[in-house]
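Listing of input.tsv; format and content: TSV, C-alpha atoms.
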```tsv
chain	number	residue	atom	x	y	z
A	1	MET	CA	-26.61	1.97	-5.53
A	2	ALA	CA	-29.13	4.82	-5.86
A	3	ILE	CA	-26.50	7.57	-5.81
A	4	LYS	CA	-24.75	7.92	-9.17
A	5	VAL	CA	-21.45	9.73	-9.57
A	6	ARG	CA	-21.36	12.07	-12.60
A	7	LEU	CA	-17.77	13.13	-12.13
A	8	ALA	CA	-16.63	11.58	-15.43
A	9	VAL	CA	-19.35	13.50	-17.30
A	10	VAL	CA	-18.48	16.82	-15.61
A	11	LEU	CA	-14.77	16.24	-16.31
A	12	ALA	CA	-15.55	15.63	-19.98
A	13	GLU	CA	-17.84	18.69	-20.16
A	14	ARG	CA	-15.11	20.93	-18.77
A	15	ASN	CA	-12.37	19.17	-20.70
A	16	VAL	CA	-10.36	18.62	-17.51
A	17	LYS	CA	-7.85	15.80	-17.10
A	18	SER	CA	-8.23	13.39	-14.18
A	19	LYS	CA	-4.55	13.83	-13.38
A	20	ASP	CA	-4.94	17.60	-12.87
A	21	LEU	CA	-8.00	17.17	-10.68
A	22	ALA	CA	-6.33	14.45	-8.58
A	23	GLU	CA	-3.34	16.72	-8.09
A	24	HIS	CA	-5.52	19.65	-6.98
A	25	VAL	CA	-7.64	17.54	-4.64
A	26	GLY	CA	-4.66	15.69	-3.18
A	27	ILE	CA	-5.76	12.13	-3.90
A	28	THR	CA	-4.24	9.49	-6.14
A	29	GLU	CA	-5.40	8.99	-9.70
A	30	ALA	CA	-6.36	5.45	-8.73
A	31	ASN	CA	-8.71	6.74	-6.02
A	32	LEU	CA	-10.13	9.36	-8.39
A	33	SER	CA	-10.77	6.61	-10.93
A	34	LEU	CA	-12.63	4.59	-8.25
A	35	LEU	CA	-14.66	7.69	-7.41
A	36	LYS	CA	-15.52	8.24	-11.08
A	37	GLN	CA	-16.77	4.67	-11.29
A	38	GLY	CA	-18.76	5.03	-8.07
A	39	LYS	CA	-16.73	2.23	-6.49
A	40	VAL	CA	-16.18	4.00	-3.18
A	41	LYS	CA	-18.22	3.87	0.01
A	42	GLY	CA	-18.26	7.61	0.44
A	43	VAL	CA	-16.72	10.98	-0.34
A	44	ARG	CA	-15.34	13.26	2.36
A	45	PHE	CA	-16.73	16.81	2.41
A	46	ASP	CA	-13.16	18.06	2.09
A	47	THR	CA	-12.64	16.06	-1.13
A	48	LEU	CA	-16.02	17.11	-2.48
A	49	GLY	CA	-15.28	20.76	-1.71
A	50	ARG	CA	-11.95	20.66	-3.55
A	51	ILE	CA	-13.49	18.95	-6.57
A	52	CYS	CA	-16.25	21.60	-6.72
A	53	GLN	CA	-13.66	24.36	-6.35
A	54	PHE	CA	-11.53	23.02	-9.22
A	55	LEU	CA	-14.46	22.24	-11.53
A	56	ASP	CA	-16.46	25.33	-10.51
A	57	CYS	CA	-19.58	23.30	-9.88
A	58	GLN	CA	-22.00	22.26	-7.13
A	59	PRO	CA	-22.09	18.88	-5.33
A	60	GLY	CA	-25.43	18.27	-7.02
A	61	ASP	CA	-23.70	18.39	-10.41
A	62	LEU	CA	-21.49	15.50	-9.35
A	63	LEU	CA	-23.93	13.31	-7.45
A	64	VAL	CA	-27.43	12.41	-8.54
A	65	TYR	CA	-30.05	10.18	-7.00
A	66	GLU	CA	-31.66	7.58	-9.23
A	67	ALA	CA	-34.52	5.47	-7.93
A	68	ASP	CA	-33.92	1.71	-8.33
B	1	MET	CA	-9.16	-0.68	-3.52
B	2	PRO	CA	-6.90	1.45	-1.36
B	3	SER	CA	-4.78	-0.48	1.06
B	4	SER	CA	-5.56	-0.18	4.76
B	5	SER	CA	-2.55	-2.12	5.96
B	6	THR	CA	-0.58	1.02	6.71
B	7	ILE	CA	-2.06	3.60	9.02
B	8	LYS	CA	-2.29	7.07	7.51
B	9	MET	CA	-2.00	9.98	9.88
B	10	THR	CA	-1.78	13.40	8.34
B	11	ASP	CA	-1.71	15.69	11.36
B	12	ASP	CA	1.44	16.37	13.35
B	13	ALA	CA	0.09	14.89	16.60
B	14	GLY	CA	-0.84	11.74	14.73
B	15	GLN	CA	2.63	11.51	13.19
B	16	ARG	CA	4.27	11.92	16.59
B	17	ARG	CA	1.97	9.26	18.06
B	18	LEU	CA	2.78	6.88	15.21
B	19	GLY	CA	6.49	7.62	15.74
B	20	ARG	CA	6.22	6.69	19.42
B	21	ILE	CA	4.32	3.49	18.58
B	22	ARG	CA	6.99	2.54	16.07
B	23	ALA	CA	9.89	3.31	18.42
B	24	LEU	CA	8.36	1.40	21.36
B	25	SER	CA	7.43	-1.51	19.10
B	26	ARG	CA	11.00	-1.70	17.79
B	27	LEU	CA	12.27	-1.82	21.38
B	28	MET	CA	9.67	-4.41	22.37
B	29	ALA	CA	10.62	-6.61	19.39
B	30	TRP	CA	14.19	-6.74	20.68
B	31	LEU	CA	13.02	-7.28	24.28
B	32	VAL	CA	10.84	-10.19	23.20
B	33	LEU	CA	13.75	-11.75	21.30
B	34	PHE	CA	16.02	-11.32	24.32
B	35	THR	CA	13.38	-12.81	26.64
B	36	ALA	CA	12.90	-15.87	24.42
B	37	ALA	CA	16.66	-16.49	24.33
B	38	ALA	CA	17.00	-15.84	28.08
B	39	LEU	CA	14.24	-18.35	28.85
B	40	VAL	CA	16.08	-21.15	27.04
B	41	VAL	CA	19.47	-20.25	28.52
B	42	GLY	CA	17.98	-19.78	32.00
B	43	ILE	CA	16.21	-23.15	32.05
B	44	LEU	CA	19.28	-24.86	30.65
B	45	ALA	CA	21.44	-23.28	33.37
B	46	TYR	CA	18.85	-24.15	36.02
B	47	TRP	CA	18.89	-27.86	35.16
B	48	TRP	CA	22.66	-27.89	34.69
B	49	THR	CA	23.71	-26.13	37.90
B	50	THR	CA	20.96	-26.40	40.56
B	51	PRO	CA	21.77	-28.85	43.40
B	52	SER	CA	19.62	-32.00	43.63
B	53	ASP	CA	17.97	-31.13	46.97
B	54	LEU	CA	16.97	-27.69	45.70
B	55	LEU	CA	15.55	-29.17	42.47
B	56	ARG	CA	13.41	-31.56	44.54
B	57	ALA	CA	12.27	-28.80	46.89
B	58	GLN	CA	11.27	-26.54	44.01
B	59	ALA	CA	9.31	-29.43	42.47
B	60	GLY	CA	7.28	-29.62	45.71
B	61	LEU	CA	9.03	-32.74	47.04
B	62	THR	CA	10.14	-33.07	50.65
B	63	GLY	CA	12.69	-35.33	52.27
B	64	PRO	CA	16.12	-36.45	51.17
B	65	GLY	CA	16.64	-38.27	47.89
B	66	LEU	CA	19.33	-39.61	45.64
B	67	GLU	CA	21.64	-37.42	43.61
B	68	ILE	CA	19.89	-36.40	40.38
B	69	GLY	CA	21.90	-37.70	37.41
B	70	ALA	CA	22.57	-36.17	34.02
B	71	ALA	CA	19.88	-38.26	32.27
B	72	THR	CA	17.22	-37.11	34.77
B	73	ARG	CA	18.38	-33.51	34.40
B	74	VAL	CA	18.09	-33.74	30.59
B	75	ALA	CA	14.60	-35.25	30.97
B	76	GLY	CA	13.71	-32.49	33.46
B	77	PHE	CA	14.92	-29.86	30.99
B	78	ALA	CA	12.81	-31.44	28.24
B	79	ILE	CA	9.69	-31.45	30.44
B	80	SER	CA	10.29	-27.85	31.55
B	81	MET	CA	10.67	-26.81	27.92
B	82	ILE	CA	7.15	-27.99	27.00
B	83	PRO	CA	5.28	-25.00	28.50
B	84	VAL	CA	8.24	-22.69	27.91
B	85	GLY	CA	8.54	-23.82	24.28
B	86	ILE	CA	4.88	-22.97	23.72
B	87	LEU	CA	5.46	-19.61	25.38
B	88	ILE	CA	8.47	-18.97	23.11
B	89	PHE	CA	6.27	-19.91	20.13
B	90	GLY	CA	3.88	-17.21	21.33
B	91	LEU	CA	6.74	-14.75	21.77
B	92	VAL	CA	7.74	-15.30	18.14
B	93	TYR	CA	4.24	-14.16	17.13
B	94	ALA	CA	4.46	-11.23	19.57
B	95	ARG	CA	7.77	-10.22	17.95
B	96	GLN	CA	6.25	-10.39	14.45
B	97	CYS	CA	3.39	-8.26	15.75
B	98	PHE	CA	5.78	-5.64	17.15
B	99	LEU	CA	7.85	-5.66	13.94
B	100	ALA	CA	4.67	-5.00	11.94
B	101	PHE	CA	3.79	-2.10	14.27
B	102	ALA	CA	7.37	-0.82	13.91
B	103	ASP	CA	6.84	-0.77	10.12
B	104	GLY	CA	3.69	1.30	10.59
B	105	GLU	CA	1.41	-1.65	9.87
B	106	ILE	CA	-1.02	-1.01	12.73
B	107	PHE	CA	-4.53	-1.98	11.69
B	108	SER	CA	-4.00	-5.18	9.74
B	109	ARG	CA	-5.56	-8.61	9.85
B	110	ARG	CA	-2.08	-10.16	10.10
B	111	ALA	CA	-1.32	-8.24	13.30
B	112	VAL	CA	-4.65	-9.34	14.79
B	113	GLY	CA	-3.91	-12.97	13.92
B	114	ARG	CA	-0.47	-12.76	15.51
B	115	LEU	CA	-1.84	-11.15	18.65
B	116	ARG	CA	-4.47	-13.88	18.91
B	117	ALA	CA	-1.80	-16.58	18.42
B	118	PHE	CA	0.26	-14.98	21.21
B	119	ALA	CA	-2.76	-15.03	23.56
B	120	ILE	CA	-3.46	-18.70	22.78
B	121	ALA	CA	0.20	-19.63	23.34
B	122	VAL	CA	0.33	-17.79	26.69
B	123	ALA	CA	-2.89	-19.50	27.83
B	124	ALA	CA	-1.68	-22.93	26.69
B	125	SER	CA	1.67	-22.40	28.41
B	126	ALA	CA	-0.03	-21.35	31.66
B	127	ALA	CA	-2.38	-24.33	31.54
B	128	LEU	CA	0.47	-26.77	30.85
B	129	LYS	CA	2.75	-25.38	33.57
B	130	PRO	CA	1.08	-27.27	36.47
B	131	VAL	CA	1.00	-30.46	34.36
B	132	ALA	CA	4.71	-30.12	33.62
B	133	GLY	CA	5.31	-29.45	37.33
B	134	ALA	CA	3.48	-32.65	38.25
B	135	ALA	CA	5.49	-34.61	35.66
B	136	LEU	CA	8.71	-33.15	37.10
B	137	SER	CA	7.75	-34.20	40.63
B	138	VAL	CA	7.27	-37.77	39.41
B	139	LEU	CA	10.57	-37.67	37.51
B	140	LEU	CA	12.55	-36.32	40.47
B	141	SER	CA	11.03	-38.69	43.04
B	142	TRP	CA	11.26	-41.79	40.86
B	143	ASN	CA	13.16	-44.54	42.68
B	144	GLY	CA	12.61	-47.48	40.35
B	145	GLU	CA	9.33	-48.58	41.93
B	146	GLY	CA	7.29	-45.43	41.85
B	147	GLY	CA	7.24	-41.76	42.63
B	148	SER	CA	5.06	-39.08	44.15
B	149	VAL	CA	3.05	-36.44	42.32
B	150	ALA	CA	2.96	-32.85	43.47
B	151	LEU	CA	0.39	-30.71	41.68
B	152	ARG	CA	0.75	-27.01	42.38
B	153	LEU	CA	-1.61	-24.32	41.19
B	154	GLY	CA	-0.47	-20.82	41.99
B	155	SER	CA	-1.92	-17.35	41.60
B	156	ASP	CA	0.68	-16.72	38.88
B	157	THR	CA	-1.05	-19.33	36.70
B	158	LEU	CA	-4.39	-17.61	37.19
B	159	LEU	CA	-2.90	-14.18	36.52
B	160	THR	CA	-1.23	-15.47	33.35
B	161	LEU	CA	-4.56	-16.89	32.16
B	162	ILE	CA	-6.23	-13.52	32.85
B	163	PHE	CA	-3.44	-11.78	30.92
B	164	ALA	CA	-3.95	-14.19	27.99
B	165	GLY	CA	-7.69	-13.50	28.08
B	166	LEU	CA	-7.04	-9.77	28.08
B	167	VAL	CA	-4.74	-10.04	25.03
B	168	ALA	CA	-7.34	-12.22	23.25
B	169	VAL	CA	-10.04	-9.59	23.88
B	170	ILE	CA	-7.68	-6.82	22.67
B	171	ALA	CA	-7.13	-8.88	19.50
B	172	TRP	CA	-10.89	-9.03	18.96
B	173	VAL	CA	-11.21	-5.29	19.54
B	174	MET	CA	-8.38	-4.78	17.04
B	175	ALA	CA	-10.26	-6.93	14.51
B	176	GLU	CA	-13.16	-4.45	14.83
B	177	ALA	CA	-10.70	-1.56	14.41
B	178	VAL	CA	-9.32	-3.22	11.25
B	179	ALA	CA	-12.85	-3.46	9.84
B	180	ILE	CA	-13.43	0.26	10.56
B	181	SER	CA	-10.04	1.13	9.07
B	182	GLU	CA	-10.82	-0.87	5.91
B	183	GLU	CA	-14.18	0.87	5.56
B	184	ASN	CA	-12.55	4.26	6.13
B	185	ALA	CA	-10.01	3.46	3.42
B	186	GLN	CA	-12.89	3.18	0.95
B	187	PHE	CA	-13.72	6.84	1.49
B	188	VAL	CA	-11.93	9.27	-0.79
```

Produce structure tokens that represent the structure in this file.
Amino acid sequence: MAIKVRLAVVLAERNVKSKDLAEHVGITEANLSLLKQGKVKGVRFDTLGRICQFLDCQPGDLLVYEAD
Amino acid sequence: MPSSSTIKMTDDAGQRRLGRIRALSRLMAWLVLFTAAALVVGILAYWWTTPSDLLRAQAGLTGPGLEIGAATRVAGFAISMIPVGILIFGLVYARQCFLAFADGEIFSRRAVGRLRAFAIAVAASAALKPVAGAALSVLLSWNGEGGSVALRLGSDTLLTLIFAGLVAVIAWVMAEAVAISEENAQFV
């Protein structure tokens, strides 16, 4: 897939635990793990907004486009 | 992957709607069970208690005949139970479907399969009903040398087939809904 998820990198940069983020966003750790691995079909704007709020970042910091 | 077998409704209206679906499904599951039992008891009582002349008349036979004996009544019950048995088989699937809905399992492949099985059973039962009726007319007019065949096709058979077709189409539509639900479940 051309869209890469950088959530794991941003989490590591900010030294934030997945558990805390999942709790703030209101999704399970399992789903957050799938999101980190890019194994989801899509992200809801609501979820994206909450992640950005918690990590104090922009959607572009979490998602990048890479040409195949 | 997240499971899509259980519908997730977060808003209050959705919860109330799901509650109504579950309550009605629970009621329908019991109604289906009662209907299946009533069908067997009703047909048994019909063959046990109905006078011979009335049995012949309802099989489409005219004119007086001999008294219908116990062996013929048992055979008549067995023939009647062929389409009814298939219908009961379908009702078992319908009950499983309602029980799944009652548990909140709305968009699932199992429910679709059960709904489809119910539709097939209803159609098969409707198609076999005239055949069973013809077999009954032969059985009840049999005098040792031969009997007469009365084949009756009523509007109820056609309506039942239309109903079965409708349920089959609903099952297909539900299969599409399951696919959408499964895709939606892959969104976080």

Selection: 9 Å around Trp48 (chain B), only C-alpha atoms, excl. self and same-chain fewer than 5 positions, as an mmCIF file with C-alpha atoms, in the coordinates of the input:
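Produced file part-v9.cif, reproduced below:
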```
data_model
loop_
_atom_site.group_PDB
_atom_site.id
_atom_site.type_symbol
_atom_site.label_atom_id
_atom_site.label_comp_id
_atom_site.auth_asym_id
_atom_site.auth_seq_id
_atom_site.Cartn_x
_atom_site.Cartn_y
_atom_site.Cartn_z
ATOM 1 C CA ILE B 43 16.210 -23.150 32.050
ATOM 2 C CA ALA B 70 22.570 -36.170 34.020
ATOM 3 C CA ARG B 73 18.380 -33.510 34.400
ATOM 4 C CA VAL B 74 18.090 -33.740 30.590
ATOM 5 C CA PHE B 77 14.920 -29.860 30.990
#
```

Taking a cut-off of 7 Å and counting all atoms listed in the file, can you build a table that, for each residue of chain B near chain A, reports the nearest atom pair and how far apart they are in Å (one decimal), sorted by chain then residue number, as a tab-separated table?
```
residue	atom	partner	partner_atom	distance
B:Gln186	CA	A:Val40	CA	5.3
B:Phe187	CA	A:Gly42	CA	4.7
B:Val188	CA	A:Val43	CA	5.1
```

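The neighbours of Gly60 (chain A) here are the residues that come within 12 Å of it, using all atoms listed in the file and leaving out any residue fewer than 2 positions away in the same chain; they are Ile3, Lys4, Val5, Arg6, Leu7, Val10, Leu48, Gly49, Ile51, Cys52, Asp56, Cys57, Gln58, Leu62, Leu63, Val64 and Tyr65 of chain A.
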
All residues 9 Å or closer to Arg116 (chain B), only C-alpha atoms, same chain fewer than 4 positions away omitted, as number ranges by chain:
B: 93, 111-112, 120-121, 167-172

Exercise: Asp20 (chain A) partners within 10 Å, all atoms listed in the file, chain neighbours under 4 positions left out, as a ChimeraX atom specification
/A:16,24-26,29,54

Identify, on the basis of all atoms listed in the file, every residue whose closest approach to Ala2 (chain A) does not exceed 8 Å; exclude the query and any residue fewer than 6 positions from it along the same chain; express the result as a PDB file with C-alpha atoms, in the coordinates of the input.
```pdb
ATOM      1  CA  TYR A  65     -30.050  10.180  -7.000  1.00  0.00           C
ATOM      2  CA  GLU A  66     -31.660   7.580  -9.230  1.00  0.00           C
ATOM      3  CA  ALA A  67     -34.520   5.470  -7.930  1.00  0.00           C
ATOM      4  CA  ASP A  68     -33.920   1.710  -8.330  1.00  0.00           C
TER       5      ASP A  68
END
```

So which residues fall inside 10 Å of (3.2, -13.1, 18.6) if we count all atoms listed in the file? Mind giving them as a ChimeraX atom specification?
/B:29,32,87-99,111-122

Hey, could you patch up region 60-86 of chain B with N, CA and C atoms and hand it over as a PDB file, keeping the file's coordinate frame?
```pdb
ATOM      1  N   GLY B  60       8.311 -29.343  44.703  1.00  0.00           N
ATOM      2  CA  GLY B  60       7.280 -29.620  45.710  1.00  0.00           C
ATOM      3  C   GLY B  60       7.510 -30.914  46.456  1.00  0.00           C
ATOM      4  N   LEU B  61       8.725 -31.466  46.370  1.00  0.00           N
ATOM      5  CA  LEU B  61       9.030 -32.740  47.040  1.00  0.00           C
ATOM      6  C   LEU B  61       9.788 -32.470  48.341  1.00  0.00           C
ATOM      7  N   THR B  62       9.455 -33.228  49.366  1.00  0.00           N
ATOM      8  CA  THR B  62      10.140 -33.070  50.650  1.00  0.00           C
ATOM      9  C   THR B  62      10.938 -34.328  50.959  1.00  0.00           C
ATOM     10  N   GLY B  63      11.875 -34.185  51.845  1.00  0.00           N
ATOM     11  CA  GLY B  63      12.690 -35.330  52.270  1.00  0.00           C
ATOM     12  C   GLY B  63      13.903 -35.523  51.392  1.00  0.00           C
ATOM     13  N   PRO B  64      14.885 -36.232  51.917  1.00  0.00           N
ATOM     14  CA  PRO B  64      16.120 -36.450  51.170  1.00  0.00           C
ATOM     15  C   PRO B  64      15.922 -37.452  50.035  1.00  0.00           C
ATOM     16  N   GLY B  65      16.722 -37.345  49.027  1.00  0.00           N
ATOM     17  CA  GLY B  65      16.640 -38.270  47.890  1.00  0.00           C
ATOM     18  C   GLY B  65      18.021 -38.499  47.322  1.00  0.00           C
ATOM     19  N   LEU B  66      18.050 -39.311  46.279  1.00  0.00           N
ATOM     20  CA  LEU B  66      19.330 -39.610  45.640  1.00  0.00           C
ATOM     21  C   LEU B  66      19.801 -38.411  44.809  1.00  0.00           C
ATOM     22  N   GLU B  67      21.081 -38.448  44.481  1.00  0.00           N
ATOM     23  CA  GLU B  67      21.640 -37.420  43.610  1.00  0.00           C
ATOM     24  C   GLU B  67      20.966 -37.521  42.230  1.00  0.00           C
ATOM     25  N   ILE B  68      20.565 -36.386  41.690  1.00  0.00           N
ATOM     26  CA  ILE B  68      19.890 -36.400  40.380  1.00  0.00           C
ATOM     27  C   ILE B  68      20.958 -36.439  39.289  1.00  0.00           C
ATOM     28  N   GLY B  69      20.892 -37.483  38.454  1.00  0.00           N
ATOM     29  CA  GLY B  69      21.900 -37.700  37.410  1.00  0.00           C
ATOM     30  C   GLY B  69      21.654 -36.867  36.170  1.00  0.00           C
ATOM     31  N   ALA B  70      22.622 -36.974  35.260  1.00  0.00           N
ATOM     32  CA  ALA B  70      22.570 -36.170  34.020  1.00  0.00           C
ATOM     33  C   ALA B  70      21.347 -36.523  33.175  1.00  0.00           C
ATOM     34  N   ALA B  71      21.020 -37.829  33.105  1.00  0.00           N
ATOM     35  CA  ALA B  71      19.880 -38.260  32.270  1.00  0.00           C
ATOM     36  C   ALA B  71      18.581 -37.665  32.812  1.00  0.00           C
ATOM     37  N   THR B  72      18.435 -37.668  34.147  1.00  0.00           N
ATOM     38  CA  THR B  72      17.220 -37.110  34.770  1.00  0.00           C
ATOM     39  C   THR B  72      17.170 -35.607  34.540  1.00  0.00           C
ATOM     40  N   ARG B  73      18.335 -34.962  34.621  1.00  0.00           N
ATOM     41  CA  ARG B  73      18.380 -33.510  34.400  1.00  0.00           C
ATOM     42  C   ARG B  73      17.985 -33.166  32.952  1.00  0.00           C
ATOM     43  N   VAL B  74      18.448 -33.979  32.008  1.00  0.00           N
ATOM     44  CA  VAL B  74      18.090 -33.740  30.590  1.00  0.00           C
ATOM     45  C   VAL B  74      16.571 -33.932  30.412  1.00  0.00           C
ATOM     46  N   ALA B  75      16.045 -34.999  31.059  1.00  0.00           N
ATOM     47  CA  ALA B  75      14.600 -35.250  30.970  1.00  0.00           C
ATOM     48  C   ALA B  75      13.820 -34.097  31.621  1.00  0.00           C
ATOM     49  N   GLY B  76      14.348 -33.615  32.769  1.00  0.00           N
ATOM     50  CA  GLY B  76      13.710 -32.490  33.460  1.00  0.00           C
ATOM     51  C   GLY B  76      13.701 -31.240  32.588  1.00  0.00           C
ATOM     52  N   PHE B  77      14.825 -31.005  31.900  1.00  0.00           N
ATOM     53  CA  PHE B  77      14.920 -29.860  30.990  1.00  0.00           C
ATOM     54  C   PHE B  77      13.879 -29.994  29.873  1.00  0.00           C
ATOM     55  N   ALA B  78      13.759 -31.217  29.340  1.00  0.00           N
ATOM     56  CA  ALA B  78      12.810 -31.440  28.240  1.00  0.00           C
ATOM     57  C   ALA B  78      11.374 -31.186  28.707  1.00  0.00           C
ATOM     58  N   ILE B  79      11.050 -31.664  29.924  1.00  0.00           N
ATOM     59  CA  ILE B  79       9.690 -31.450  30.440  1.00  0.00           C
ATOM     60  C   ILE B  79       9.441 -29.958  30.687  1.00  0.00           C
ATOM     61  N   SER B  80      10.430 -29.291  31.276  1.00  0.00           N
ATOM     62  CA  SER B  80      10.290 -27.850  31.550  1.00  0.00           C
ATOM     63  C   SER B  80      10.090 -27.057  30.259  1.00  0.00           C
ATOM     64  N   MET B  81      10.714 -27.550  29.184  1.00  0.00           N
ATOM     65  CA  MET B  81      10.670 -26.810  27.920  1.00  0.00           C
ATOM     66  C   MET B  81       9.321 -26.926  27.211  1.00  0.00           C
ATOM     67  N   ILE B  82       8.453 -27.855  27.679  1.00  0.00           N
ATOM     68  CA  ILE B  82       7.150 -27.990  27.000  1.00  0.00           C
ATOM     69  C   ILE B  82       6.323 -26.703  27.160  1.00  0.00           C
ATOM     70  N   PRO B  83       6.031 -26.267  28.400  1.00  0.00           N
ATOM     71  CA  PRO B  83       5.280 -25.000  28.500  1.00  0.00           C
ATOM     72  C   PRO B  83       6.095 -23.785  28.040  1.00  0.00           C
ATOM     73  N   VAL B  84       7.396 -23.839  28.310  1.00  0.00           N
ATOM     74  CA  VAL B  84       8.240 -22.690  27.910  1.00  0.00           C
ATOM     75  C   VAL B  84       8.363 -22.612  26.382  1.00  0.00           C
ATOM     76  N   GLY B  85       8.459 -23.789  25.749  1.00  0.00           N
ATOM     77  CA  GLY B  85       8.540 -23.820  24.280  1.00  0.00           C
ATOM     78  C   GLY B  85       7.296 -23.214  23.655  1.00  0.00           C
ATOM     79  N   ILE B  86       6.140 -23.543  24.236  1.00  0.00           N
ATOM     80  CA  ILE B  86       4.880 -22.970  23.720  1.00  0.00           C
ATOM     81  C   ILE B  86       4.871 -21.463  23.935  1.00  0.00           C
TER      82      ILE B  86
END
```
